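A quick write-up on the structure given underneath.
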Amino acid sequence: MSLFGRAARLSTITSGAIRRRTTTTTSKTTRQCIFYKRYRQLSTKTAKTAASSDSWILELQSHLATTEVEFSVNKYELERHGRGESYHPTETPDVVVCPTSVDDVITIVQFCAKHKIPIVPFGVGTSVEGHVCCLQGGISLDMKNFVNMEIPNMEDDLLPDPIATVGAGVTRNTLNEALRHTGLQFVVDPGADATLGGMVATGASGTTAVQFGTMRENILAVQCVLADGTLVNTGTKALKNSAGYDLLGLLCGSEGTLGVITEITVKLHPIPENVMAAVCVFDSLQDAAQTVTMLKLCNIPLLRCELLDAMSVKAFNQYQEQQPNNTATKREEKPTLFLEFQAPSMTSLEEQVQMTQSICQDYGGSGFDYCSDEEERKALWAARHSLYYASVKLRPGAKGAILTDACVPLSQFASVIQETAQEIEEKGVVAPTFGHAGDGNFHTIIPIGEDDSEEYIETLHEISNNIVLRSLAAGGTCTGEHGVGYGKTKYLEQQYGPGAVHMMRLVKKSLDPHNIMNPGKVIPN
């Protein structure tokens with residue numbers, strides 16, 4: 001059959017052609033399953049399918065026979081929908097289903113609730129904590145067809161509200177392209193061209209969070225289908241709302257464990273006319289991190305504030321050199337701040353840059369360089385967003401990486417990131433460290449090779465674990481923007497205490513009593 005077939009076409013396939021779910025069993029994945037078994041924390045009350053996959057897939061198809069819903073059991077599609085961008089082993093669904101309407105989603109969810117079949121919502125698969133791994137098989141619910149967009153009409157006599165209502169399958173780049181003529185933009189920038197539904201589900205943020213906040217601060221309303229098929233609308237189009245429980249906040253960061261997000265209303269912001277980027281080099285991470293803290297205390301309105309350690313800059317340089325038509329400036333391989341500013345006038349913008357340069361110099365910064373050219377700025381940030389791939393390439397033979405995502409109070413940022421870099425150096429590991437320094441969020445990319453020894457793998461996990469423990473001890477969190485998935489469930493009780501985890505379990509059980517929504521994620525055993 002083709003990669004995707006209409007529901008009617010699926011009915012012609014014999015049950016033998018629709019295989020039962022199996023985990024990918026290549027030698028690489030088998031080794032990963034051994035090394036990452038500590039992360040395989042499946043719930044003791046996982047959903048069980050009522051019948052073999054071949055029979056229930058055909059039965060579900062019959063319920064959707066009059067619709068345009070697509071089904072796929074193509075092995076490549078199953079594998080793609082069971083891995084995302086994380087280092088976690090691929091865990092495939094039994095079938096990929098692509099609904100085209102909210103009614104389709106309701107029908108599918110009600111069917112799954114009746115037969116206790118797991119559902120894992122899927123955007124474009126850019127998550128990095130195993131969110132889309134189908135730990136218990138079932139359905140990968142691909143939301144690619146939910147691409148409706150309601151954007152401001154600038155030709156109306158009344159000025160429109162700076163908001164947009166979009167389907168869960170719309171990506172941030174697609175939305176911004178549609179908004180270009182309006183002079184408005186959606187500002188949350190996680191780097192990847194993720195879907196808005198996925199960004200809400202993981203509570204995403206990124207490089208602009210220092211000024212505009214995370215997804216939590218940039219959504220006004222969410223529509224979703226609960227585990228029993230109930231359609232729920234949370235929030236309003238108003239900028240303030242204090243009516244009832246904060247269901248909007250509950251769904252943001254729920255990672256598909258409470259329902260299927262179908263539509264989102266987001267805030268928009270004007271595209272600035274005056275923007276400038278700057279780069280400054282430091283002799284130590286401590287000095288660079290202290291500079292960021294002072295910039296925040298001085299209330300300089302940074303648009304972006306990124307800190308790269310020396311190893312990250314090395315990866316940055318090497319990766320750029322390998323790109324065709326490379327015109328990027330080779331950076332000095334020292335801790336470096338990448339900054340961006342915006343202001344309503346050039347005079348105000350220049351004042352921000354001058355104040356920042358003075359503070360950087362006070363903390364030992366050198367080589368302060370800035371530019372306002374749009375293409376040069378875009379190239380700088382495109383290179384910054386490619387740092388994951390650059391870091392993996394820094395270690396020959398590496399095919400993937402453990403990506404950490406700790407966040408700490410700004411007062412603790414300098415000491416925690418310095419201790420992390422020191423541990424990496426002492427253990428002789430290739431692991432660039434960088435982060436959204438303006439909000440205390442940092443990442444360490446730890447490349448993994450197929451031929452790494454078990455001892456070396458254990459060292460990598462020890463570093464990752466120590467980063468989380470160090471951050472929790474500093475009053476921070478195990479994840480600032482990537483979410484919990486199933487690799488970080490073990491840290492929740494240490495971060496919040498048993499009472500909060502118990503409360504999460506009560507919420508999950510009340511909204512999803514059969515544990516069909518993305519089982520094994522977020523809630524620890």
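Residues in the structure tokens are named by chain (A, B, ... in the order shown) and by number from 1 within that chain; ligands are numbered from 1 in the order shown.
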Per DSSP on the backbone, filter segment 141-316 of chain A down to the residues in strand (DSSP E or B) and report them as JSON, numbers by chain.
{"A": [141, 142, 149, 150, 163, 164, 165, 166, 167, 171, 184, 185, 195, 219, 220, 221, 222, 223, 224, 225, 226, 231, 232, 233, 234, 235, 259, 260, 261, 262, 263, 264, 265, 266, 267, 269, 270, 274, 275, 276, 277, 278, 279, 280, 281, 302, 303, 304, 305, 306, 307, 308]}
Those selected residues, please, written with C-alpha atoms and delivered as a PDB file, in the first residue's frame.
```pdb
ATOM      1  CA  LEU A 141      -2.807  10.472  16.242  1.00  0.00           C
ATOM      2  CA  ASP A 142      -1.167  12.692  13.629  1.00  0.00           C
ATOM      3  CA  MET A 149      -5.785  29.783  10.660  1.00  0.00           C
ATOM      4  CA  GLU A 150      -7.781  32.817  11.735  1.00  0.00           C
ATOM      5  CA  ILE A 163      -4.281  37.337  18.366  1.00  0.00           C
ATOM      6  CA  ALA A 164      -4.536  34.321  16.070  1.00  0.00           C
ATOM      7  CA  THR A 165      -6.591  31.133  16.344  1.00  0.00           C
ATOM      8  CA  VAL A 166      -4.942  28.155  14.664  1.00  0.00           C
ATOM      9  CA  GLY A 167      -5.290  24.418  14.307  1.00  0.00           C
ATOM     10  CA  THR A 171       3.768  25.146  12.670  1.00  0.00           C
ATOM     11  CA  LEU A 184       2.577  41.004  13.572  1.00  0.00           C
ATOM     12  CA  GLN A 185       4.392  37.850  14.618  1.00  0.00           C
ATOM     13  CA  THR A 195       3.453  22.676  15.690  1.00  0.00           C
ATOM     14  CA  ILE A 219      -1.803  31.384  24.843  1.00  0.00           C
ATOM     15  CA  LEU A 220      -5.303  32.668  25.529  1.00  0.00           C
ATOM     16  CA  ALA A 221      -7.484  29.664  24.721  1.00  0.00           C
ATOM     17  CA  VAL A 222      -7.192  25.960  23.910  1.00  0.00           C
ATOM     18  CA  GLN A 223      -9.729  23.515  22.504  1.00  0.00           C
ATOM     19  CA  CYS A 224      -9.197  19.835  23.268  1.00  0.00           C
ATOM     20  CA  VAL A 225     -10.907  16.467  23.328  1.00  0.00           C
ATOM     21  CA  LEU A 226     -10.730  14.646  26.661  1.00  0.00           C
ATOM     22  CA  LEU A 231     -15.002  18.523  23.654  1.00  0.00           C
ATOM     23  CA  VAL A 232     -13.631  21.231  25.962  1.00  0.00           C
ATOM     24  CA  ASN A 233     -12.981  24.919  25.310  1.00  0.00           C
ATOM     25  CA  THR A 234     -10.713  26.634  27.829  1.00  0.00           C
ATOM     26  CA  GLY A 235      -9.841  30.328  28.059  1.00  0.00           C
ATOM     27  CA  GLY A 259      -6.507  15.053  26.053  1.00  0.00           C
ATOM     28  CA  VAL A 260      -5.949  15.821  22.374  1.00  0.00           C
ATOM     29  CA  ILE A 261      -5.366  19.517  21.647  1.00  0.00           C
ATOM     30  CA  THR A 262      -7.176  20.560  18.446  1.00  0.00           C
ATOM     31  CA  GLU A 263      -7.053  24.376  18.368  1.00  0.00           C
ATOM     32  CA  ILE A 264      -5.142  27.209  20.068  1.00  0.00           C
ATOM     33  CA  THR A 265      -5.576  30.969  20.362  1.00  0.00           C
ATOM     34  CA  VAL A 266      -2.225  32.737  20.765  1.00  0.00           C
ATOM     35  CA  LYS A 267      -1.021  36.280  21.405  1.00  0.00           C
ATOM     36  CA  HIS A 269       3.341  40.980  18.870  1.00  0.00           C
ATOM     37  CA  PRO A 270       4.448  43.710  16.446  1.00  0.00           C
ATOM     38  CA  ASN A 274      14.767  48.561  15.023  1.00  0.00           C
ATOM     39  CA  VAL A 275      16.682  45.426  15.954  1.00  0.00           C
ATOM     40  CA  MET A 276      20.349  44.867  16.715  1.00  0.00           C
ATOM     41  CA  ALA A 277      22.399  41.775  17.560  1.00  0.00           C
ATOM     42  CA  ALA A 278      25.628  41.719  19.566  1.00  0.00           C
ATOM     43  CA  VAL A 279      28.339  39.235  20.482  1.00  0.00           C
ATOM     44  CA  CYS A 280      30.773  39.439  23.406  1.00  0.00           C
ATOM     45  CA  VAL A 281      33.574  37.077  24.500  1.00  0.00           C
ATOM     46  CA  LEU A 302      16.925  41.961  26.061  1.00  0.00           C
ATOM     47  CA  LEU A 303      15.096  40.249  23.206  1.00  0.00           C
ATOM     48  CA  ARG A 304      17.452  37.263  23.257  1.00  0.00           C
ATOM     49  CA  CYS A 305      20.318  36.362  25.570  1.00  0.00           C
ATOM     50  CA  GLU A 306      22.226  33.154  24.805  1.00  0.00           C
ATOM     51  CA  LEU A 307      25.393  31.883  26.504  1.00  0.00           C
ATOM     52  CA  LEU A 308      27.720  29.400  24.752  1.00  0.00           C
TER      53      LEU A 308
END
```
Spatial neighbours of segment 367-370 of chain A, max dist 10 Å, only C-alpha atoms, sep filter under 5 positions, as an MDAnalysis selection string:
chainID A and resid 276:282 332 336:340 353 356:358 360:361 377
Alpha helix (DSSP H) per DSSP on the backbone: members of segment 415-525 of chain A, as an MDAnalysis selection string:
chainID A and resid 415:426 454:473 492:496 498:511
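Between Arg395 of chain A and the residues A:Leu410, A:Thr433, A:Met311, A:Val468, the shortest atom-to-atom distance, using only C-alpha atoms, involves A:Met311.
Nearest residue to Ser464 of chain A among A:Asp103, A:Glu70, A:Asp405, A:Glu419 is A:Asp405, counting only C-alpha atoms.
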Pairwise distance for atom CA of Phe212 of chain A and atom CA of Thr420 of chain A, rounded to one decimal in Å:
27.7 Å
Have a look at atom CA of Cys252 of chain A and atom CA of Ser205 of chain A and let me know their distance in Å, one decimal.
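Pair atom CA of Cys252 of chain A / atom CA of Ser205 of chain A returns 11.7 Å.
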Distance criterion (only C-alpha atoms): nearest to Phe122 of chain A out of A:Val105, A:Cys98, A:Val392, A:Leu251
A:Cys98
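You can rank A:Thr459, A:Ala390, A:Val507, A:Lys334 by their closest distance to Leu247 of chain A using only C-alpha atoms, and at the top of that list sits A:Val507.
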Residues within 12 Å of Ala473 of chain A, please, as a list in words. Count only C-alpha atoms; anything in the same chain fewer than 6 positions from it doesn't count.
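So, after excluding close chain neighbours, the residues are Ala406, Cys407, Val408, Pro409, Gln412, Ser415, Val416, Asn466, Ile467, Tyr491, Gln494 and Gln495 of chain A.
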Closest of A:Pro498, A:Pro301, A:Gly206, A:Gly435 to Pro335 of chain A - atom-to-atom distances counting only C-alpha atoms
A:Gly435
Figure out the distance between atom CA of Ile151 of chain A and atom CA of Ile106 of chain A, please, to one decimal in Å.
25.9 Å
Fewer than 2 positions away in the same chain doesn't count, so skip those; otherwise give me all residues within 10 Å of Lys427 of chain A, counting only C-alpha atoms, as number ranges by chain.
A: 422-425, 429-430, 456, 459-460, 463
Using only C-alpha atoms: which of A:Pro324, A:Gly400, A:Gly520, A:Gly137 has the shortest distance to Glu85 of chain A:
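Among A:Pro324, A:Gly400, A:Gly520, A:Gly137, it is A:Gly400 that comes nearest to Glu85 of chain A.
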May I have the residues within 10 Å of Ser127 of chain A as a PyMOL selection string, using only C-alpha atoms and disregarding those fewer than 5 positions away in the same chain?
chain A and resi 83-86+122+132+192+194+198-199+202+204+482-483+485
